[in-house]
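Remarks on the structure that follows.
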Amino acid sequence: MKLMPAPGIGIARIPLIGLGTWDLRGRTCVRMAEQALRLGYRHVDTAEMYDNEREVGEGLRAAGIKRDDVFISTKVWPSHFAARDLERSAKESLARLRLAEVDLLLLHWPNPQIPLKETLAALCKVKRMGLARNIGISNFTVPLIEQAVKLADEPLVCNQIEMHPFLDQSKVIAACRAHDIAVIAYSPIARGDVKNHAVLARIGKIHGKTAAQVSLRFLVQQGIAVIPRTSRVERLSENLAIFDFELSQAEMAEIASLASSGGRIVDYAYSGSPKWD
Ligand SMILES: NC(=O)c1ccc[n+]([C@@H]2O[C@H](COP(=O)([O-])OP(=O)(O)OC[C@H]3O[C@@H](n4cnc5c(N)ncnc54)[C@H](OP(=O)(O)O)[C@@H]3O)[C@@H](O)[C@H]2O)c1
């Protein structure tokens with residue numbers, strides 16, 4: 001059974017599946033990162049805001065994977081988007097992860113209070129300093145993607161956005177594709193809401209798969225990377241086993257028809273408050 005596709009997507013070769021870690025803390029986070037890597041995951045997604053970069057780094061070392069064989073992403077929180085703050089934030093993330101560089105450094109959410117020009121110049125500088133192999137954005141809308149592409153003098157390799165069968169993100173995806181920006185889907189199983197969905201469960205049954213696996217397959221089959229989060233070891237294998245079946249065109253269309261503009265789960269705009277996502 002072929003579990004891991006190679007190579008990854010886009011110019012940064014982002015692995016098609018990674019472990020999301022929002023809300024994983026302490027020993028659970030260390031254990032899940034370690035187990036995921038032992039099972040074959042090659043991407044772990046964290047953020048300075050998740051307060052678990054130390055544990056992700058510990059899990060990486062415990063798994064004993066060669067540094068070059070794993071892709072580690074982290075994110076700068078918008079309160080640190082001023083130039084000096086961004087550089088310090090990146091260095092502090094690396095210190096917590098105990099890494100010399102991350103594979104991907106993202107702007108976590110747009111921050112309308114700080115000029116995008118300043119933030120992108122700082123992000124590009126951090127890349128040139130060798131602190132991040134690749135840089136990108138997260139939660140950027142179509143107009144913001146267009147602005148960011150014009151302002152950045154290094155490639156923006158991805159936009160990490162909420163994506164699952166219940167949310168229509170076709171306009172953002174089209175804008176990303178027009179600029180060679182890979183899409184990473186967060187909340188790819190709609191925070192567990194796909195689990196008992198009748199259509200996804202019925203399609204899953206045809207393939208001997210669960211509704212969660214159908215949701216993930218639906219995304220990766222479109223060339224979108226996914227970062228499902230779980231705190232249960234048995235679900236790590238379930239979420240990884242999505243490369244040994246294919247959804248038909250009719251099934252893809254039926255799943256796509258479940259999407260609506262009101263399907264968003266993470267409804268949040270950074271307003272300078274310390275609230276996390
Ligand atoms: N850039 C951003 O602004 C942003 C925002 C949100 C998330 N993210 C990233 O994306 C990652 C994933 O998104 P998410 O955590 O919001 O949601 P998600 O991965 O769609 O869903 C996680 C939830 O689904 C459950 N689950 C996991 N595997 C399952 C399975 N096979 N069957 C049924 N339920 C399952 C988990 O419960 P158990 O733990 O009990 O398995 C958990 O409650 C985050 O962890 C984070 O790294 C980024």
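If you're wondering about the labels, chains in the structure tokens are A, B, ... by order shown, residues count from 1 in each chain, ligands from 1 in order shown.
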
Taking only C-alpha atoms and all ligand atoms into account, report as a PyMOL selection string which residues have an atom no farther than 7 Å from an atom of ligand 1. chain A and resi 19-23+45-46+108-109+138-139+160-162+186-192+195+212-213+227-232+235+238-239+266+277

Dump N, CA, C and O atoms for the selected residues as a compact mmCIF listing (two decimals), in the first residue's frame?
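New file part.txt:
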# COMPACT_ATOMS: atom_id res chain seq x y z
N LEU A 19 0.92 17.01 10.17
CA LEU A 19 0.18 16.97 11.44
C LEU A 19 -0.08 18.40 11.90
O LEU A 19 0.86 19.18 12.07
N GLY A 20 -1.35 18.73 12.09
CA GLY A 20 -1.70 20.01 12.72
C GLY A 20 -1.52 19.87 14.22
O GLY A 20 -1.75 18.79 14.78
N THR A 21 -1.12 20.94 14.88
CA THR A 21 -0.84 20.81 16.33
C THR A 21 -1.55 21.84 17.19
O THR A 21 -1.25 21.94 18.38
N TRP A 22 -2.45 22.63 16.60
CA TRP A 22 -3.14 23.61 17.42
C TRP A 22 -3.84 22.90 18.58
O TRP A 22 -4.50 21.87 18.36
N ASP A 23 -3.64 23.39 19.78
CA ASP A 23 -4.33 22.82 20.93
C ASP A 23 -3.66 21.55 21.49
O ASP A 23 -4.14 21.00 22.46
N ASP A 45 2.98 21.12 11.55
CA ASP A 45 2.59 22.53 11.51
C ASP A 45 2.40 23.05 12.93
O ASP A 45 1.60 22.53 13.69
N THR A 46 3.16 24.10 13.26
CA THR A 46 2.99 24.72 14.56
C THR A 46 2.91 26.24 14.36
O THR A 46 2.77 26.73 13.25
N HIS A 108 0.58 34.61 10.25
CA HIS A 108 -0.55 33.79 10.73
C HIS A 108 -1.92 34.32 10.29
O HIS A 108 -2.77 33.56 9.83
N TRP A 109 -2.13 35.61 10.47
CA TRP A 109 -3.38 36.28 10.03
C TRP A 109 -3.00 37.67 9.54
O TRP A 109 -2.06 38.27 10.07
N SER A 138 -1.01 33.19 5.52
CA SER A 138 -2.12 32.37 5.99
C SER A 138 -3.33 33.28 6.19
O SER A 138 -3.19 34.40 6.68
N ASN A 139 -4.49 32.78 5.82
CA ASN A 139 -5.74 33.53 5.96
C ASN A 139 -5.75 34.81 5.12
O ASN A 139 -6.38 35.80 5.50
N GLN A 160 -2.00 29.33 3.74
CA GLN A 160 -2.67 28.30 4.56
C GLN A 160 -4.05 28.84 4.92
O GLN A 160 -4.17 29.89 5.56
N ILE A 161 -5.09 28.13 4.48
CA ILE A 161 -6.46 28.63 4.66
C ILE A 161 -7.38 27.52 5.17
O ILE A 161 -7.08 26.34 5.01
N GLU A 162 -8.50 27.93 5.77
CA GLU A 162 -9.50 26.95 6.17
C GLU A 162 -10.07 26.30 4.91
O GLU A 162 -10.49 26.98 3.99
N TYR A 186 -6.23 24.09 6.33
CA TYR A 186 -6.36 23.83 7.77
C TYR A 186 -7.81 23.49 8.09
O TYR A 186 -8.70 23.73 7.26
N SER A 187 -8.03 22.88 9.24
CA SER A 187 -9.34 22.31 9.61
C SER A 187 -9.88 21.43 8.47
O SER A 187 -11.05 21.54 8.09
N PRO A 188 -9.04 20.53 7.92
CA PRO A 188 -9.45 19.78 6.72
C PRO A 188 -10.51 18.73 6.97
O PRO A 188 -11.09 18.20 6.02
N ILE A 189 -10.76 18.42 8.26
CA ILE A 189 -11.89 17.53 8.55
C ILE A 189 -12.95 18.29 9.35
O ILE A 189 -13.71 17.71 10.11
N ALA A 190 -12.95 19.62 9.12
CA ALA A 190 -13.95 20.51 9.74
C ALA A 190 -14.04 20.28 11.25
O ALA A 190 -15.13 20.19 11.81
N ARG A 191 -12.87 20.18 11.87
CA ARG A 191 -12.78 19.97 13.33
C ARG A 191 -13.60 18.77 13.79
O ARG A 191 -14.19 18.77 14.86
N GLY A 192 -13.68 17.74 12.95
CA GLY A 192 -14.39 16.51 13.32
C GLY A 192 -15.82 16.48 12.78
O GLY A 192 -16.46 15.43 12.81
N LYS A 195 -17.25 13.75 10.40
CA LYS A 195 -17.27 12.35 10.88
C LYS A 195 -18.57 11.60 10.56
O LYS A 195 -18.53 10.48 10.07
N ALA A 212 -13.86 10.89 7.38
CA ALA A 212 -12.69 11.78 7.55
C ALA A 212 -11.67 11.53 6.44
O ALA A 212 -11.10 12.47 5.87
N GLN A 213 -11.46 10.27 6.10
CA GLN A 213 -10.50 9.96 5.03
C GLN A 213 -11.00 10.48 3.68
O GLN A 213 -10.21 10.96 2.86
N ILE A 227 -3.45 19.36 6.80
CA ILE A 227 -2.74 19.25 8.10
C ILE A 227 -3.74 18.90 9.21
O ILE A 227 -3.94 19.67 10.13
N PRO A 228 -4.39 17.71 9.11
CA PRO A 228 -5.35 17.34 10.15
C PRO A 228 -4.67 17.23 11.52
O PRO A 228 -3.52 16.82 11.60
N ARG A 229 -5.42 17.58 12.52
CA ARG A 229 -4.91 17.50 13.90
C ARG A 229 -5.64 16.38 14.63
O ARG A 229 -6.85 16.22 14.48
N THR A 230 -4.90 15.58 15.36
CA THR A 230 -5.54 14.63 16.27
C THR A 230 -4.69 14.48 17.52
O THR A 230 -3.49 14.70 17.50
N SER A 231 -5.36 14.12 18.60
CA SER A 231 -4.66 13.84 19.85
C SER A 231 -4.66 12.34 20.11
O SER A 231 -4.29 11.89 21.18
N ARG A 232 -5.12 11.54 19.10
CA ARG A 232 -5.21 10.09 19.28
C ARG A 232 -4.32 9.38 18.27
O ARG A 232 -4.47 9.55 17.05
N ARG A 235 -5.78 7.62 15.21
CA ARG A 235 -6.27 8.48 14.12
C ARG A 235 -5.13 9.00 13.25
O ARG A 235 -5.37 9.44 12.12
N GLU A 238 -5.13 6.54 10.52
CA GLU A 238 -6.36 6.70 9.71
C GLU A 238 -6.21 7.90 8.77
O GLU A 238 -6.49 7.80 7.57
N ASN A 239 -5.73 9.01 9.31
CA ASN A 239 -5.65 10.23 8.49
C ASN A 239 -4.56 10.16 7.42
O ASN A 239 -4.61 10.88 6.43
N VAL A 266 -13.66 28.77 11.39
CA VAL A 266 -12.76 29.71 12.05
C VAL A 266 -13.10 31.11 11.54
O VAL A 266 -12.55 31.57 10.54
N ASP A 277 -6.59 32.00 17.57
CA ASP A 277 -7.56 31.51 16.57
C ASP A 277 -8.35 30.30 17.03
O ASP A 277 -8.09 29.69 18.00

Who sits within 12 Å of Thr74 of chain A, only C-alpha atoms, same chain under 5 positions skipped, as a ChimeraX atom specification: /A:20-22,43-54,56-57,89-94,96-97,99,101-108,131-138,160

Since we have the selection now, will you write its residues out, keeping C-alpha atoms, as an mmCIF file, in the first residue's frame?
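This is the output file again.cif:
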data_model
loop_
_atom_site.group_PDB
_atom_site.id
_atom_site.type_symbol
_atom_site.label_atom_id
_atom_site.label_comp_id
_atom_site.auth_asym_id
_atom_site.auth_seq_id
_atom_site.Cartn_x
_atom_site.Cartn_y
_atom_site.Cartn_z
ATOM 1 C CA GLY A 20 -1.705 20.008 12.715
ATOM 2 C CA THR A 21 -0.839 20.807 16.327
ATOM 3 C CA TRP A 22 -3.138 23.612 17.425
ATOM 4 C CA HIS A 43 5.314 17.783 7.874
ATOM 5 C CA VAL A 44 4.452 19.230 11.277
ATOM 6 C CA ASP A 45 2.585 22.529 11.507
ATOM 7 C CA THR A 46 2.988 24.724 14.565
ATOM 8 C CA ALA A 47 2.873 28.458 15.408
ATOM 9 C CA GLU A 48 4.300 30.771 18.031
ATOM 10 C CA MET A 49 0.714 31.232 19.219
ATOM 11 C CA TYR A 50 0.163 27.498 19.821
ATOM 12 C CA ASP A 51 2.622 27.550 22.705
ATOM 13 C CA ASN A 52 3.951 24.108 21.714
ATOM 14 C CA GLU A 53 7.017 24.757 19.547
ATOM 15 C CA ARG A 54 9.268 23.305 22.275
ATOM 16 C CA VAL A 56 7.145 19.852 18.488
ATOM 17 C CA GLY A 57 10.959 20.142 18.485
ATOM 18 C CA SER A 89 9.655 36.313 16.745
ATOM 19 C CA ALA A 90 11.318 34.115 14.099
ATOM 20 C CA LYS A 91 14.475 33.780 16.198
ATOM 21 C CA GLU A 92 12.474 32.926 19.312
ATOM 22 C CA SER A 93 10.489 30.262 17.427
ATOM 23 C CA LEU A 94 13.740 28.692 16.237
ATOM 24 C CA ARG A 96 12.032 26.973 21.100
ATOM 25 C CA LEU A 97 12.089 24.415 18.272
ATOM 26 C CA LEU A 99 16.329 24.360 14.933
ATOM 27 C CA GLU A 101 15.896 27.192 10.299
ATOM 28 C CA VAL A 102 12.288 26.253 9.645
ATOM 29 C CA ASP A 103 11.098 24.972 6.287
ATOM 30 C CA LEU A 104 8.206 27.409 6.181
ATOM 31 C CA LEU A 105 7.476 30.626 8.069
ATOM 32 C CA LEU A 106 3.966 32.052 7.676
ATOM 33 C CA LEU A 107 2.202 35.279 8.548
ATOM 34 C CA HIS A 108 -0.547 33.786 10.730
ATOM 35 C CA LEU A 131 16.095 31.523 9.315
ATOM 36 C CA ALA A 132 13.385 30.116 7.009
ATOM 37 C CA ARG A 133 13.845 28.079 3.835
ATOM 38 C CA ASN A 134 10.480 29.294 2.546
ATOM 39 C CA ILE A 135 7.976 31.965 3.464
ATOM 40 C CA GLY A 136 4.239 32.277 3.001
ATOM 41 C CA ILE A 137 0.937 33.660 4.183
ATOM 42 C CA SER A 138 -2.123 32.372 5.995
ATOM 43 C CA GLN A 160 -2.667 28.303 4.560
#

Counting only C-alpha atoms, what are the residues of segment 82-142 of chain A within 10 Å of segment 170-176 of chain A, and for each of them which pair of atoms is the nearest and at what distance in Å, to one decimal? Sort the table by chain and rising number, as a Markdown table.
| residue | atom | partner | partner_atom | distance |
| --- | --- | --- | --- | --- |
| A:Asn139 | CA | A:Val172 | CA | 9.7 |
| A:Phe140 | CA | A:Val172 | CA | 8.3 |
| A:Thr141 | CA | A:Val172 | CA | 6.4 |
| A:Val142 | CA | A:Val172 | CA | 5.5 |

Filtering to N, CA, C and O atoms, could you give me those residues as a PDB file, in the first residue's frame?
ATOM      1  N   ASN A 139      -4.486  32.781   5.821  1.00  0.00           N
ATOM      2  CA  ASN A 139      -5.743  33.531   5.963  1.00  0.00           C
ATOM      3  C   ASN A 139      -5.752  34.808   5.121  1.00  0.00           C
ATOM      4  O   ASN A 139      -6.377  35.805   5.505  1.00  0.00           O
ATOM      5  N   PHE A 140      -5.043  34.799   4.002  1.00  0.00           N
ATOM      6  CA  PHE A 140      -5.037  35.967   3.123  1.00  0.00           C
ATOM      7  C   PHE A 140      -6.166  35.834   2.092  1.00  0.00           C
ATOM      8  O   PHE A 140      -6.336  34.797   1.465  1.00  0.00           O
ATOM      9  N   THR A 141      -6.944  36.913   1.935  1.00  0.00           N
ATOM     10  CA  THR A 141      -8.044  36.970   0.968  1.00  0.00           C
ATOM     11  C   THR A 141      -7.475  37.283  -0.423  1.00  0.00           C
ATOM     12  O   THR A 141      -6.291  37.628  -0.553  1.00  0.00           O
ATOM     13  N   VAL A 142      -8.345  37.256  -1.441  1.00  0.00           N
ATOM     14  CA  VAL A 142      -7.867  37.507  -2.806  1.00  0.00           C
ATOM     15  C   VAL A 142      -7.176  38.881  -2.919  1.00  0.00           C
ATOM     16  O   VAL A 142      -6.042  38.966  -3.409  1.00  0.00           O
TER      17      VAL A 142
END

If you run DSSP over the backbone, which residues in segment 34-243 of chain A end up alpha helix (DSSP H)? Put them as a PyMOL selection string. chain A and resi 34-39+53-63+83-97+116-128+142-151+170-178+198-207+211-220+233-240

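If you look at atom CA of Ile11 of chain A and atom CA of Lys66 of chain A, they are 21.1 Å away from each other.
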
Pick out the residues sitting within 12 Å of Gln35 of chain A, and hand them over as a ChimeraX atom specification; count only C-alpha atoms, and ignore anything fewer than 2 positions along from it in its own chain. /A:19,27-33,37-42,44,56,58-65,230-237

Output the selection as an mmCIF file, in the first residue's frame - N, CA and C atoms for each residue.
data_model
loop_
_atom_site.group_PDB
_atom_site.id
_atom_site.type_symbol
_atom_site.label_atom_id
_atom_site.label_comp_id
_atom_site.auth_asym_id
_atom_site.auth_seq_id
_atom_site.Cartn_x
_atom_site.Cartn_y
_atom_site.Cartn_z
ATOM 1 N N LEU A 19 0.922 17.006 10.167
ATOM 2 C CA LEU A 19 0.185 16.970 11.439
ATOM 3 C C LEU A 19 -0.079 18.404 11.897
ATOM 4 N N ARG A 27 3.070 16.778 27.029
ATOM 5 C CA ARG A 27 3.507 15.445 26.609
ATOM 6 C C ARG A 27 2.672 14.923 25.431
ATOM 7 N N THR A 28 1.385 15.289 25.398
ATOM 8 C CA THR A 28 0.539 14.822 24.273
ATOM 9 C C THR A 28 1.125 15.322 22.963
ATOM 10 N N CYS A 29 1.544 16.577 22.950
ATOM 11 C CA CYS A 29 2.098 17.148 21.718
ATOM 12 C C CYS A 29 3.400 16.454 21.334
ATOM 13 N N VAL A 30 4.283 16.231 22.313
ATOM 14 C CA VAL A 30 5.553 15.551 22.020
ATOM 15 C C VAL A 30 5.261 14.174 21.419
ATOM 16 N N ARG A 31 4.348 13.448 22.081
ATOM 17 C CA ARG A 31 4.039 12.077 21.662
ATOM 18 C C ARG A 31 3.407 12.048 20.272
ATOM 19 N N MET A 32 2.486 12.964 20.009
ATOM 20 C CA MET A 32 1.815 12.949 18.703
ATOM 21 C C MET A 32 2.793 13.326 17.590
ATOM 22 N N ALA A 33 3.644 14.309 17.828
ATOM 23 C CA ALA A 33 4.623 14.685 16.791
ATOM 24 C C ALA A 33 5.576 13.509 16.538
ATOM 25 N N LEU A 37 5.655 11.255 12.969
ATOM 26 C CA LEU A 37 6.865 11.139 12.151
ATOM 27 C C LEU A 37 7.284 9.677 12.012
ATOM 28 N N ARG A 38 7.130 8.907 13.081
ATOM 29 C CA ARG A 38 7.466 7.472 12.994
ATOM 30 C C ARG A 38 6.561 6.754 11.999
ATOM 31 N N LEU A 39 5.295 7.216 11.909
ATOM 32 C CA LEU A 39 4.336 6.559 11.004
ATOM 33 C C LEU A 39 4.520 6.971 9.546
ATOM 34 N N GLY A 40 5.262 8.061 9.304
ATOM 35 C CA GLY A 40 5.489 8.459 7.913
ATOM 36 C C GLY A 40 5.094 9.881 7.583
ATOM 37 N N TYR A 41 4.480 10.602 8.536
ATOM 38 C CA TYR A 41 4.225 12.026 8.281
ATOM 39 C C TYR A 41 5.581 12.709 8.116
ATOM 40 N N ARG A 42 5.643 13.704 7.230
ATOM 41 C CA ARG A 42 6.902 14.425 7.043
ATOM 42 C C ARG A 42 6.721 15.935 7.165
ATOM 43 N N VAL A 44 5.126 18.881 10.025
ATOM 44 C CA VAL A 44 4.452 19.230 11.277
ATOM 45 C C VAL A 44 4.222 20.734 11.259
ATOM 46 N N VAL A 56 7.003 20.330 19.874
ATOM 47 C CA VAL A 56 7.145 19.852 18.488
ATOM 48 C C VAL A 56 8.620 19.513 18.220
ATOM 49 N N GLU A 58 10.850 18.696 20.405
ATOM 50 C CA GLU A 58 11.193 17.507 21.193
ATOM 51 C C GLU A 58 10.703 16.237 20.481
ATOM 52 N N GLY A 59 9.487 16.281 19.942
ATOM 53 C CA GLY A 59 8.929 15.136 19.218
ATOM 54 C C GLY A 59 9.763 14.809 17.990
ATOM 55 N N LEU A 60 10.228 15.845 17.317
ATOM 56 C CA LEU A 60 11.064 15.668 16.122
ATOM 57 C C LEU A 60 12.365 14.953 16.495
ATOM 58 N N ARG A 61 12.987 15.402 17.577
ATOM 59 C CA ARG A 61 14.244 14.755 17.982
ATOM 60 C C ARG A 61 14.000 13.323 18.455
ATOM 61 N N ALA A 62 12.882 13.106 19.162
ATOM 62 C CA ALA A 62 12.575 11.758 19.664
ATOM 63 C C ALA A 62 12.330 10.779 18.507
ATOM 64 N N ALA A 63 11.785 11.280 17.406
ATOM 65 C CA ALA A 63 11.490 10.401 16.264
ATOM 66 C C ALA A 63 12.763 10.010 15.526
ATOM 67 N N GLY A 64 13.827 10.782 15.721
ATOM 68 C CA GLY A 64 15.105 10.441 15.098
ATOM 69 C C GLY A 64 15.119 10.583 13.583
ATOM 70 N N ILE A 65 14.269 11.449 13.061
ATOM 71 C CA ILE A 65 14.230 11.654 11.600
ATOM 72 C C ILE A 65 15.330 12.656 11.217
ATOM 73 N N THR A 230 -4.902 15.579 15.365
ATOM 74 C CA THR A 230 -5.539 14.631 16.266
ATOM 75 C C THR A 230 -4.694 14.480 17.525
ATOM 76 N N SER A 231 -5.362 14.116 18.600
ATOM 77 C CA SER A 231 -4.660 13.839 19.847
ATOM 78 C C SER A 231 -4.662 12.335 20.112
ATOM 79 N N ARG A 232 -5.123 11.542 19.096
ATOM 80 C CA ARG A 232 -5.210 10.091 19.281
ATOM 81 C C ARG A 232 -4.323 9.379 18.271
ATOM 82 N N VAL A 233 -3.450 8.503 18.802
ATOM 83 C CA VAL A 233 -2.477 7.830 17.938
ATOM 84 C C VAL A 233 -3.170 7.054 16.815
ATOM 85 N N GLU A 234 -4.280 6.364 17.128
ATOM 86 C CA GLU A 234 -4.921 5.527 16.101
ATOM 87 C C GLU A 234 -5.438 6.367 14.931
ATOM 88 N N ARG A 235 -5.781 7.623 15.207
ATOM 89 C CA ARG A 235 -6.267 8.477 14.123
ATOM 90 C C ARG A 235 -5.127 9.005 13.246
ATOM 91 N N LEU A 236 -3.896 8.976 13.765
ATOM 92 C CA LEU A 236 -2.756 9.376 12.926
ATOM 93 C C LEU A 236 -2.701 8.473 11.699
ATOM 94 N N SER A 237 -2.831 7.149 11.932
ATOM 95 C CA SER A 237 -2.763 6.191 10.808
ATOM 96 C C SER A 237 -3.977 6.349 9.912
#

Write down as an NGL selection string the residues of segment 58-218 of chain A whose backbone DSSP state falls under strand (DSSP E). :A and (71-76 or 104-107 or 135-138 or 156-162 or 182-186)

Write to file, as an mmCIF file, in the first residue's frame, the residues of the selection just made, with N, CA, C and O atoms.
data_model
loop_
_atom_site.group_PDB
_atom_site.id
_atom_site.type_symbol
_atom_site.label_atom_id
_atom_site.label_comp_id
_atom_site.auth_asym_id
_atom_site.auth_seq_id
_atom_site.Cartn_x
_atom_site.Cartn_y
_atom_site.Cartn_z
ATOM 1 N N PHE A 71 9.618 18.456 7.211
ATOM 2 C CA PHE A 71 9.239 19.827 6.847
ATOM 3 C C PHE A 71 8.516 20.434 8.053
ATOM 4 O O PHE A 71 7.443 19.970 8.448
ATOM 5 N N ILE A 72 9.132 21.459 8.641
ATOM 6 C CA ILE A 72 8.548 22.071 9.844
ATOM 7 C C ILE A 72 8.076 23.491 9.497
ATOM 8 O O ILE A 72 8.852 24.313 8.998
ATOM 9 N N SER A 73 6.792 23.735 9.782
ATOM 10 C CA SER A 73 6.224 25.073 9.542
ATOM 11 C C SER A 73 5.899 25.734 10.862
ATOM 12 O O SER A 73 5.378 25.085 11.773
ATOM 13 N N THR A 74 6.161 27.031 10.935
ATOM 14 C CA THR A 74 5.644 27.788 12.067
ATOM 15 C C THR A 74 5.116 29.130 11.564
ATOM 16 O O THR A 74 5.229 29.444 10.387
ATOM 17 N N LYS A 75 4.510 29.897 12.498
ATOM 18 C CA LYS A 75 3.823 31.125 12.062
ATOM 19 C C LYS A 75 4.097 32.262 13.035
ATOM 20 O O LYS A 75 4.182 32.039 14.244
ATOM 21 N N VAL A 76 4.183 33.458 12.466
ATOM 22 C CA VAL A 76 4.378 34.665 13.281
ATOM 23 C C VAL A 76 2.999 35.238 13.603
ATOM 24 O O VAL A 76 2.166 35.422 12.699
ATOM 25 N N LEU A 104 9.235 26.471 6.629
ATOM 26 C CA LEU A 104 8.206 27.409 6.181
ATOM 27 C C LEU A 104 7.837 28.329 7.336
ATOM 28 O O LEU A 104 7.540 27.859 8.435
ATOM 29 N N LEU A 105 7.888 29.627 7.065
ATOM 30 C CA LEU A 105 7.476 30.626 8.069
ATOM 31 C C LEU A 105 6.316 31.420 7.469
ATOM 32 O O LEU A 105 6.436 32.008 6.401
ATOM 33 N N LEU A 106 5.180 31.418 8.196
ATOM 34 C CA LEU A 106 3.966 32.052 7.676
ATOM 35 C C LEU A 106 3.564 33.256 8.503
ATOM 36 O O LEU A 106 3.783 33.288 9.720
ATOM 37 N N LEU A 107 2.908 34.207 7.840
ATOM 38 C CA LEU A 107 2.202 35.279 8.548
ATOM 39 C C LEU A 107 0.859 34.688 8.960
ATOM 40 O O LEU A 107 0.071 34.295 8.092
ATOM 41 N N ILE A 135 8.898 31.087 2.743
ATOM 42 C CA ILE A 135 7.976 31.965 3.464
ATOM 43 C C ILE A 135 6.605 31.936 2.788
ATOM 44 O O ILE A 135 6.492 31.614 1.604
ATOM 45 N N GLY A 136 5.582 32.283 3.571
ATOM 46 C CA GLY A 136 4.239 32.277 3.001
ATOM 47 C C GLY A 136 3.271 33.041 3.882
ATOM 48 O O GLY A 136 3.660 33.718 4.836
ATOM 49 N N ILE A 137 1.995 32.896 3.529
ATOM 50 C CA ILE A 137 0.937 33.660 4.183
ATOM 51 C C ILE A 137 -0.145 32.698 4.666
ATOM 52 O O ILE A 137 -0.174 31.535 4.257
ATOM 53 N N SER A 138 -1.014 33.194 5.520
ATOM 54 C CA SER A 138 -2.123 32.372 5.995
ATOM 55 C C SER A 138 -3.332 33.279 6.194
ATOM 56 O O SER A 138 -3.186 34.401 6.676
ATOM 57 N N LEU A 156 6.356 33.773 -2.345
ATOM 58 C CA LEU A 156 5.448 33.348 -1.273
ATOM 59 C C LEU A 156 4.959 31.970 -1.697
ATOM 60 O O LEU A 156 4.260 31.843 -2.701
ATOM 61 N N VAL A 157 5.358 30.945 -0.964
ATOM 62 C CA VAL A 157 5.152 29.584 -1.484
ATOM 63 C C VAL A 157 3.785 29.010 -1.154
ATOM 64 O O VAL A 157 3.361 28.041 -1.774
ATOM 65 N N CYS A 158 3.104 29.561 -0.148
ATOM 66 C CA CYS A 158 1.786 28.993 0.159
ATOM 67 C C CYS A 158 0.900 29.985 0.876
ATOM 68 O O CYS A 158 1.373 30.983 1.433
ATOM 69 N N ASN A 159 -0.401 29.692 0.827
ATOM 70 C CA ASN A 159 -1.401 30.380 1.635
ATOM 71 C C ASN A 159 -2.098 29.271 2.419
ATOM 72 O O ASN A 159 -2.660 28.348 1.828
ATOM 73 N N GLN A 160 -2.000 29.331 3.740
ATOM 74 C CA GLN A 160 -2.667 28.303 4.560
ATOM 75 C C GLN A 160 -4.053 28.840 4.919
ATOM 76 O O GLN A 160 -4.165 29.891 5.561
ATOM 77 N N ILE A 161 -5.093 28.129 4.480
ATOM 78 C CA ILE A 161 -6.464 28.631 4.656
ATOM 79 C C ILE A 161 -7.377 27.524 5.175
ATOM 80 O O ILE A 161 -7.080 26.341 5.009
ATOM 81 N N GLU A 162 -8.499 27.933 5.766
ATOM 82 C CA GLU A 162 -9.501 26.947 6.166
ATOM 83 C C GLU A 162 -10.074 26.298 4.914
ATOM 84 O O GLU A 162 -10.495 26.982 3.986
ATOM 85 N N ALA A 182 1.070 27.527 -3.391
ATOM 86 C CA ALA A 182 0.401 26.279 -2.996
ATOM 87 C C ALA A 182 -0.630 26.580 -1.907
ATOM 88 O O ALA A 182 -0.499 27.547 -1.158
ATOM 89 N N VAL A 183 -1.643 25.713 -1.841
ATOM 90 C CA VAL A 183 -2.667 25.886 -0.801
ATOM 91 C C VAL A 183 -2.508 24.776 0.235
ATOM 92 O O VAL A 183 -2.397 23.597 -0.112
ATOM 93 N N ILE A 184 -2.472 25.187 1.502
ATOM 94 C CA ILE A 184 -2.494 24.218 2.607
ATOM 95 C C ILE A 184 -3.843 24.385 3.298
ATOM 96 O O ILE A 184 -4.218 25.498 3.685
ATOM 97 N N ALA A 185 -4.566 23.269 3.438
ATOM 98 C CA ALA A 185 -5.894 23.313 4.052
ATOM 99 C C ALA A 185 -5.785 23.087 5.553
ATOM 100 O O ALA A 185 -5.317 22.035 5.990
ATOM 101 N N TYR A 186 -6.225 24.093 6.326
ATOM 102 C CA TYR A 186 -6.357 23.828 7.765
ATOM 103 C C TYR A 186 -7.807 23.489 8.087
ATOM 104 O O TYR A 186 -8.695 23.730 7.264
#

Suppose you want the space between atom CA of Trp77 of chain A and atom CA of Pro115 of chain A; what is it in Å?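 Those two atoms sit 14.8 Å apart.
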